[in-house]
>>> print(open('protein_38.cif').read())   # mmCIF, C-alpha atoms
data_input
#
loop_
_atom_site.label_atom_id
_atom_site.label_comp_id
_atom_site.auth_asym_id
_atom_site.auth_seq_id
_atom_site.Cartn_x
_atom_site.Cartn_y
_atom_site.Cartn_z
CA MET A 1 116.24 67.07 31.35
CA LEU A 2 118.07 68.58 28.38
CA THR A 3 118.13 66.13 25.46
CA LYS A 4 119.67 66.18 22.01
CA GLU A 5 116.20 65.94 20.44
CA LYS A 6 114.98 69.05 22.32
CA VAL A 7 117.99 71.07 21.18
CA GLN A 8 117.65 69.79 17.60
CA ASP A 9 113.96 70.76 17.49
CA PHE A 10 114.75 74.19 18.91
CA LEU A 11 117.49 74.80 16.30
CA LYS A 12 114.94 74.00 13.59
CA GLU A 13 112.38 76.28 15.25
CA ILE A 14 114.74 79.28 15.22
CA GLU A 15 115.81 78.34 11.66
CA VAL A 16 119.55 77.95 12.22
CA ASP A 17 119.79 74.17 11.86
CA ASP A 18 121.30 74.58 8.38
CA LEU A 19 124.18 76.61 9.91
CA VAL A 20 124.99 73.99 12.57
CA ASN A 21 127.82 71.60 11.71
CA ASN A 22 127.89 69.69 14.97
CA PHE A 23 126.52 69.86 18.50
CA GLN A 24 127.03 67.90 21.73
CA ILE A 25 125.40 67.98 25.18
CA MET A 26 127.39 67.39 28.34
CA GLY A 27 125.22 67.93 31.41
CA ASP A 28 124.05 71.55 31.28
CA ASP A 29 126.63 72.51 28.68
CA VAL A 30 125.66 72.64 25.00
CA TYR A 31 128.55 72.73 22.52
CA ILE A 32 127.61 73.97 19.05
CA ASP A 33 129.83 74.41 15.98
CA MET A 34 128.30 76.79 13.43
CA THR A 35 129.13 78.51 10.14
CA ALA A 36 128.11 82.18 9.90
CA HIS A 37 126.16 83.61 6.96
CA SER A 38 128.96 86.07 6.22
CA PRO A 39 132.69 86.35 6.98
CA ALA A 40 132.13 89.81 8.51
CA MET A 41 133.05 90.03 12.20
CA HIS A 42 129.89 91.94 13.10
CA GLU A 43 127.76 89.15 11.56
CA LYS A 44 129.47 86.55 13.75
CA LYS A 45 128.94 88.67 16.86
CA LYS A 46 125.28 89.23 15.97
CA LEU A 47 124.73 85.51 15.48
CA GLU A 48 126.46 84.69 18.80
CA ALA A 49 124.37 87.24 20.74
CA ALA A 50 121.11 86.03 19.14
CA MET A 51 121.90 82.37 19.88
CA LYS A 52 122.73 83.02 23.53
CA GLN A 53 119.57 85.07 24.03
CA ALA A 54 117.39 82.45 22.33
CA PHE A 55 118.85 79.57 24.40
CA ALA A 56 118.51 81.51 27.65
CA SER A 57 114.84 82.26 26.87
CA GLU A 58 114.07 78.66 25.93
CA PHE A 59 116.11 76.62 28.42
CA GLY A 60 116.84 79.08 31.23
CA GLU A 61 120.06 80.51 32.64
CA ASN A 62 121.29 77.13 33.93
CA VAL A 63 122.05 75.92 30.41
CA HIS A 64 125.48 77.11 29.25
CA LEU A 65 125.89 77.55 25.52
CA LYS A 66 129.44 77.06 24.18
CA LEU A 67 129.59 78.38 20.63
CA LYS A 68 132.26 78.03 17.98
CA ILE A 69 131.41 80.12 14.90
CA VAL A 70 133.58 79.89 11.78
CA SER A 71 133.53 81.91 8.58
CA PRO A 72 131.94 80.47 5.45
CA GLU A 73 134.12 79.39 2.55
CA PRO A 74 134.12 82.09 -0.14
CA SER A 75 131.92 81.27 -3.12
CA GLU A 76 133.31 81.00 -6.65
CA ILE A 77 131.77 84.41 -7.41
CA GLN A 78 133.41 86.00 -4.35
CA GLN A 79 136.76 84.42 -5.24
CA SER A 80 136.60 85.84 -8.77
CA GLN A 81 135.57 89.35 -7.70
CA ILE A 82 137.94 92.17 -8.66
CA LYS A 83 138.98 93.90 -5.44
CA GLY A 84 141.82 96.33 -4.87
CA LYS A 85 144.09 96.79 -1.86
CA GLN A 86 143.15 99.28 0.83
CA ILE A 87 144.96 102.63 0.80
CA PRO A 88 146.09 103.49 4.34
CA GLY A 89 144.32 106.56 5.72
CA ILE A 90 141.51 106.67 3.12
CA GLN A 91 138.16 105.71 4.59
CA ASN A 92 135.80 105.72 1.58
CA ILE A 93 136.54 105.74 -2.14
CA ILE A 94 133.68 106.98 -4.32
CA ALA A 95 133.74 106.51 -8.09
CA ILE A 96 131.81 109.22 -9.95
CA ALA A 97 130.91 107.83 -13.35
CA SER A 98 128.64 108.23 -16.35
CA GLY A 99 127.75 106.04 -19.29
CA LYS A 100 128.54 108.80 -21.80
CA GLY A 101 130.46 112.04 -22.10
CA GLY A 102 129.09 115.56 -21.95
CA VAL A 103 126.79 115.09 -18.97
CA GLY A 104 128.80 117.38 -16.64
CA LYS A 105 130.34 114.64 -14.53
CA SER A 106 133.54 116.59 -13.79
CA THR A 107 131.50 119.64 -12.76
CA VAL A 108 129.45 117.48 -10.41
CA SER A 109 132.65 115.86 -9.03
CA ALA A 110 134.26 119.26 -8.35
CA ASN A 111 131.17 120.68 -6.65
CA MET A 112 130.58 117.53 -4.58
CA ALA A 113 134.21 117.64 -3.42
CA VAL A 114 134.05 121.25 -2.21
CA THR A 115 130.62 120.65 -0.66
CA LEU A 116 131.89 117.68 1.37
CA ALA A 117 134.90 119.77 2.44
CA LYS A 118 132.54 122.57 3.57
CA MET A 119 130.58 119.97 5.58
CA GLY A 120 133.74 119.20 7.56
CA PHE A 121 135.00 116.08 5.80
CA LYS A 122 138.60 115.52 4.69
CA VAL A 123 138.32 115.19 0.92
CA GLY A 124 140.55 114.19 -1.98
CA LEU A 125 139.73 114.28 -5.70
CA LEU A 126 141.50 112.14 -8.28
CA ASP A 127 140.97 113.21 -11.89
CA ALA A 128 141.01 109.81 -13.62
CA ASP A 129 139.98 111.23 -16.99
CA ILE A 130 143.47 110.76 -18.44
CA TYR A 131 142.57 112.08 -21.90
CA GLY A 132 140.46 115.08 -20.86
CA PRO A 133 141.58 116.30 -17.43
CA SER A 134 139.53 119.27 -16.21
CA VAL A 135 140.22 119.44 -12.46
CA PRO A 136 143.16 121.92 -12.82
CA THR A 137 140.85 124.38 -14.62
CA MET A 138 137.88 123.90 -12.29
CA PHE A 139 140.00 124.47 -9.17
CA ASP A 140 142.08 127.36 -10.54
CA THR A 141 145.28 125.33 -10.20
CA GLU A 142 146.50 125.27 -13.81
CA GLY A 143 150.27 125.38 -14.02
CA GLU A 144 150.77 123.97 -10.52
CA LYS A 145 152.87 120.84 -9.99
CA PRO A 146 152.66 118.29 -7.17
CA ILE A 147 155.87 118.42 -5.15
CA SER A 148 157.83 115.39 -3.94
CA VAL A 149 157.73 114.58 -0.21
CA GLU A 150 159.31 111.77 1.77
CA VAL A 151 156.94 109.48 3.67
CA ASN A 152 158.45 106.59 5.68
CA GLY A 153 161.61 106.75 3.59
CA LYS A 154 159.72 106.66 0.29
CA SER A 155 159.40 109.53 -2.19
CA MET A 156 155.70 110.39 -2.73
CA MET A 157 153.68 112.99 -4.64
CA LYS A 158 152.02 115.64 -2.51
CA PRO A 159 148.59 116.46 -4.02
CA VAL A 160 147.79 120.02 -5.05
CA GLU A 161 145.30 121.61 -2.62
CA ASN A 162 142.63 124.30 -3.01
CA TYR A 163 139.28 125.05 -1.32
CA GLY A 164 140.06 122.32 1.26
CA VAL A 165 140.31 119.58 -1.39
CA LYS A 166 143.47 117.58 -2.18
CA MET A 167 143.77 116.89 -5.93
CA LEU A 168 145.79 114.94 -8.45
CA SER A 169 145.31 115.00 -12.21
CA ILE A 170 147.35 114.11 -15.28
CA GLY A 171 146.75 117.76 -16.18
CA TYR A 172 149.35 118.75 -13.57
CA PHE A 173 152.01 116.74 -15.40
CA SER A 174 151.20 117.44 -19.06
CA GLY A 175 151.17 120.91 -20.63
CA ALA A 176 147.88 122.78 -20.99
CA ASN A 177 147.92 122.39 -24.78
CA GLN A 178 149.61 118.99 -24.88
CA ALA A 179 147.55 115.98 -25.98
CA VAL A 180 147.93 112.79 -23.94
CA VAL A 181 148.27 110.09 -26.60
CA TRP A 182 148.65 106.87 -24.63
CA ARG A 183 147.52 103.31 -25.06
CA GLY A 184 145.35 101.78 -22.31
CA PRO A 185 148.12 100.04 -20.30
CA MET A 186 150.22 103.22 -20.14
CA ALA A 187 147.24 105.31 -19.03
CA SER A 188 146.37 102.70 -16.39
CA LYS A 189 149.94 102.70 -15.07
CA ALA A 190 149.96 106.51 -14.75
CA LEU A 191 146.64 106.33 -12.91
CA ASN A 192 147.89 103.66 -10.50
CA GLN A 193 150.92 105.82 -9.70
CA MET A 194 148.68 108.79 -8.87
CA ILE A 195 146.69 106.56 -6.51
CA ARG A 196 149.47 104.56 -4.83
CA ASP A 197 152.42 106.97 -4.93
CA ALA A 198 150.54 109.96 -3.52
CA ALA A 199 150.72 111.26 0.05
CA TRP A 200 146.94 111.63 0.48
CA GLY A 201 147.13 111.56 4.26
CA GLU A 202 143.93 111.00 6.23
CA LEU A 203 140.79 111.29 4.06
CA ASP A 204 137.14 110.63 4.77
CA PHE A 205 136.46 110.58 1.03
CA LEU A 206 138.52 110.13 -2.10
CA LEU A 207 136.31 111.01 -5.07
CA ILE A 208 137.46 109.53 -8.37
CA ASP A 209 136.24 111.41 -11.45
CA LEU A 210 136.14 108.61 -14.03
CA PRO A 211 136.18 109.07 -17.80
CA PRO A 212 132.95 108.31 -19.68
CA GLY A 213 132.10 104.78 -20.76
CA THR A 214 133.26 101.39 -19.49
CA GLY A 215 136.84 100.49 -20.34
CA ASP A 216 140.48 100.07 -19.30
CA ILE A 217 140.54 102.97 -16.85
CA HIS A 218 137.46 101.76 -15.00
CA LEU A 219 138.83 98.22 -14.63
CA SER A 220 142.21 99.57 -13.50
CA ILE A 221 140.56 101.61 -10.73
CA ILE A 222 138.51 98.63 -9.57
CA GLN A 223 141.56 96.35 -9.56
CA GLU A 224 143.78 98.88 -7.82
CA VAL A 225 141.57 100.15 -4.99
CA PRO A 226 138.54 98.89 -3.01
CA VAL A 227 135.85 101.26 -4.30
CA THR A 228 133.22 101.77 -1.60
CA GLY A 229 130.46 102.86 -3.96
CA ALA A 230 129.65 104.55 -7.24
CA VAL A 231 127.68 107.72 -7.98
CA ILE A 232 126.25 107.88 -11.52
CA VAL A 233 125.74 111.22 -13.28
CA SER A 234 123.28 111.60 -16.15
CA THR A 235 121.18 114.14 -17.98
CA PRO A 236 117.44 113.50 -18.41
CA GLN A 237 117.24 112.63 -22.12
CA HIS A 238 116.70 109.02 -23.24
CA VAL A 239 119.99 108.77 -25.16
CA ALA A 240 122.00 109.60 -22.03
CA LEU A 241 119.91 107.34 -19.80
CA ALA A 242 120.38 104.36 -22.14
CA ASP A 243 124.15 104.69 -21.72
CA VAL A 244 123.82 105.23 -17.96
CA ARG A 245 122.02 101.91 -17.70
CA LYS A 246 125.12 100.24 -19.19
CA GLY A 247 127.39 102.10 -16.75
CA ILE A 248 125.31 100.91 -13.80
CA ALA A 249 125.32 97.36 -15.19
CA MET A 250 129.14 97.42 -15.17
CA PHE A 251 129.31 98.20 -11.43
CA GLN A 252 126.66 95.54 -10.72
CA MET A 253 128.45 92.74 -12.60
CA GLU A 254 129.07 89.72 -10.35
CA SER A 255 132.85 89.98 -10.80
CA ILE A 256 132.82 93.69 -9.80
CA ASN A 257 129.86 94.06 -7.43
CA ILE A 258 130.30 97.70 -6.40
CA PRO A 259 127.19 99.24 -4.81
CA VAL A 260 125.65 102.16 -6.71
CA LEU A 261 124.95 104.80 -4.06
CA GLY A 262 122.62 106.78 -6.32
CA LEU A 263 122.01 108.79 -9.43
CA VAL A 264 122.62 112.53 -9.87
CA GLU A 265 120.48 114.13 -12.58
CA ASN A 266 122.54 116.99 -14.01
CA MET A 267 121.02 119.75 -16.18
CA ALA A 268 117.66 118.55 -14.86
CA TYR A 269 115.94 121.83 -15.77
CA PHE A 270 116.81 125.37 -16.85
CA THR A 271 116.20 128.29 -14.51
CA PRO A 272 116.86 131.82 -15.85
CA GLU A 273 118.59 134.16 -13.41
CA GLU A 274 115.84 136.77 -13.80
CA LEU A 275 113.08 134.16 -13.17
CA PRO A 276 114.52 131.99 -10.37
CA GLU A 277 111.20 130.23 -9.66
CA ASN A 278 110.70 129.08 -13.25
CA LYS A 279 111.77 125.62 -14.43
CA TYR A 280 112.09 124.71 -18.11
CA TYR A 281 112.70 121.00 -18.78
CA ILE A 282 114.84 121.35 -21.90
CA PHE A 283 116.16 117.76 -21.92
CA GLY A 284 113.00 116.09 -20.66
CA ASN A 285 111.30 115.71 -17.30
CA GLN A 286 112.13 113.13 -14.60
CA GLY A 287 113.96 110.73 -16.91
CA ALA A 288 116.52 109.90 -14.24
CA GLN A 289 113.81 109.36 -11.62
CA TYR A 290 112.08 106.77 -13.77
CA LEU A 291 115.38 104.99 -14.44
CA ALA A 292 116.33 105.05 -10.74
CA GLU A 293 112.96 103.56 -9.76
CA ASP A 294 113.32 100.90 -12.43
CA LEU A 295 116.81 99.91 -11.18
CA GLY A 296 116.01 100.31 -7.48
CA ILE A 297 118.60 103.01 -6.73
CA PRO A 298 118.00 106.43 -5.12
CA VAL A 299 118.12 109.82 -6.86
CA LEU A 300 120.65 111.86 -4.88
CA GLY A 301 119.92 115.22 -6.47
CA GLU A 302 118.63 117.23 -9.42
CA ILE A 303 121.18 119.83 -10.50
CA PRO A 304 119.65 122.66 -12.57
CA LEU A 305 121.12 124.16 -15.73
CA ILE A 306 122.22 127.52 -14.34
CA GLN A 307 124.62 129.86 -16.10
CA SER A 308 126.60 130.58 -12.93
CA ILE A 309 127.61 126.89 -12.60
CA ARG A 310 129.36 127.01 -15.97
CA GLU A 311 130.89 130.42 -15.29
CA ALA A 312 132.15 129.34 -11.86
CA GLY A 313 133.78 126.22 -13.33
CA ASP A 314 135.47 128.23 -16.08
CA VAL A 315 137.07 130.66 -13.62
CA GLY A 316 138.17 127.90 -11.25
CA ARG A 317 135.82 128.53 -8.33
CA PRO A 318 133.13 125.80 -8.11
CA ALA A 319 129.58 127.17 -7.79
CA ALA A 320 128.96 125.22 -4.56
CA LEU A 321 131.30 127.70 -2.82
CA GLN A 322 128.72 130.50 -3.29
CA GLU A 323 127.39 130.62 0.29
CA GLY A 324 123.62 131.00 0.61
CA SER A 325 122.99 130.50 -3.10
CA LYS A 326 120.39 128.11 -4.47
CA ILE A 327 123.02 125.95 -6.20
CA ALA A 328 125.11 125.63 -3.00
CA ASP A 329 121.98 124.43 -1.14
CA ILE A 330 121.20 121.88 -3.89
CA TYR A 331 124.73 120.47 -3.79
CA THR A 332 124.67 120.33 0.02
CA GLU A 333 121.45 118.29 -0.08
CA THR A 334 122.89 116.04 -2.81
CA ALA A 335 126.06 115.41 -0.78
CA ARG A 336 124.00 114.75 2.34
CA LYS A 337 121.93 112.13 0.52
CA MET A 338 125.11 110.51 -0.82
CA VAL A 339 126.53 110.20 2.70
CA GLU A 340 123.22 108.79 3.97
CA SER A 341 123.26 106.19 1.19
CA LEU A 342 126.87 105.39 2.12
CA VAL A 343 126.02 104.98 5.81
CA GLU A 344 123.29 102.53 4.82
CA ARG A 345 125.66 100.67 2.49
CA ASN A 346 128.41 100.37 5.11
CA LYS A 347 125.94 99.04 7.68
CA SER A 348 125.07 96.08 5.47
CA LEU A 349 128.46 95.17 3.94
CA PRO A 350 131.57 93.77 5.65
CA PRO A 351 134.11 96.26 6.96
CA THR A 352 136.79 94.43 4.96
CA GLU A 353 135.28 95.97 1.85
CA ALA A 354 134.38 99.34 3.34
CA VAL A 355 135.63 101.12 6.42
CA LYS A 356 132.53 102.22 8.28
CA ILE A 357 131.55 105.87 8.29
CA SER A 358 129.70 107.34 11.27
CA THR A 359 126.66 109.57 10.88
CA MET A 360 128.65 112.77 10.53
CA ALA A 361 127.55 116.20 9.32
CA GLY A 362 123.89 115.63 10.23
CA CYS A 363 123.63 112.64 7.90
CA SER A 364 121.85 109.50 8.97
CA PRO A 365 120.74 106.24 7.42
CA LYS A 366 117.64 106.47 5.27
CA ALA A 367 114.37 105.67 6.99
CA LYS A 368 112.90 102.33 6.00
#
>>> encode(input="protein_38.cif", output="structure tokens")
Amino acid sequence: MLTKEKVQDFLKEIEVDDLVNNFQIMGDDVYIDMTAHSPAMHEKKKLEAAMKQAFASEFGENVHLKLKIVSPEPSEIQQSQIKGKQIPGIQNIIAIASGKGGVGKSTVSANMAVTLAKMGFKVGLLDADIYGPSVPTMFDTEGEKPISVEVNGKSMMKPVENYGVKMLSIGYFSGANQAVVWRGPMASKALNQMIRDAAWGELDFLLIDLPPGTGDIHLSIIQEVPVTGAVIVSTPQHVALADVRKGIAMFQMESINIPVLGLVENMAYFTPEELPENKYYIFGNQGAQYLAEDLGIPVLGEIPLIQSIREAGDVGRPAALQEGSKIADIYTETARKMVESLVERNKSLPPTEAVKISTMAGCSPKAK
């Protein structure tokens, strides 16, 4: 005989009694009202499947479980979180940031973009460094202008495209030798227009090359778009790592709460062209690794200080395009690890905050 006491004891045993709001027994039918842990649809489905399996194992197939699962009320922290509106067609938005300038963040952004494009992804790159745009130079597109196209009756900017990457930068609108002297709100408005008024089309990734530091531009990006995750770029020396710690802390603030996918250590070591097997740790050894371990985030890659990377950026052909070269292999591995970290992140967070990415291009979730 199925009794209320038996069901109550079983709910305690499987440790869901705190989620149950009400339950009734009518013959062989058990009606249970529950609140899920998370508002995510997949969490509700998981809870429903687990409950049905547990009841069938305990009470047999004759007992019919009738479940009503509702979403939890958002907490004060969740209500105050800064979240932007989804951009149609863009699956994942990755912010590439650094705590300080001069660490090669734009070079890493450019090479990661072309690497992801080579791997078969649809990629966009937004140069959000309003005051020091470098994407036009790095992609050999200086002097080009985005053209106007009509999308659903609205006039939109068509991004400039090269090497399979769609790009927008303030550098396409200002002259090469013209300084952009804008206050924060004006810079933020220009940035929002490049995000919202652009015909990006279908993208697997939109990489956003952020300016150094933590300021107006960063908050504007976070408010304007739902950033899927952040990649932090640093060099190994202690001064750079101290600032990186602050940059990571910004993304991990309760009101922002953007997952940090990993750390890229740029200029990790120097390798002369004539001695390709030699490594000289000019800026220190494994500084980023120690910081990553301390903060519990993965190291996605160690990019060496190689002359050809600088030369390739200066002539507008990112070094990652050099098929079969050591630097192309390093960037491919770094991009692969970033996608793996993203797969893992999107498995554990609601799809309302990140459109799921499948295990494409040979990438898979990290082994536990």
>>> residues_near_point(input="protein_38.cif", point="(134.5, 120.0, -0.8)", cutoff="10 Å", atoms="all atoms listed in the file", output="JSON, numbers by chain")
{"A": [109, 110, 111, 112, 113, 114, 115, 116, 117, 118, 119, 120, 121, 122, 123, 124, 125, 162, 163, 164, 165, 166, 205, 318, 320, 321, 332, 335]}
>>> closest_residue(input="protein_38.cif", among="A:Pro236, A:Val135, A:Met194, A:Leu65", to="A:Gln53", atoms="all atoms listed in the file")
A:Leu65
>>> atom_distance(input="protein_38.cif", atom1="atom CA of A:Pro136", atom2="atom CA of A:Leu263")
25.1 Å
>>> resolve_selection(input="protein_38.cif", expression="the PyMOL selection byres ((chain A and resi 338) around 10)", output="number ranges by chain")
A: 94, 112, 229-231, 261-264, 298-301, 332-337, 339-344, 363
>>> atom_distance(input="protein_38.cif", atom1="atom CA of A:Asn92", atom2="atom CA of A:Leu206")
6.4 Å
>>> residues_around(input="protein_38.cif", residues="stretch 282-293 of chain A", least_positions_apart="2", cutoff="10 Å", atoms="all atoms listed in the file", output="number ranges by chain")
A: 233-238, 240-242, 244-245, 262-270, 279-280, 295-302, 305
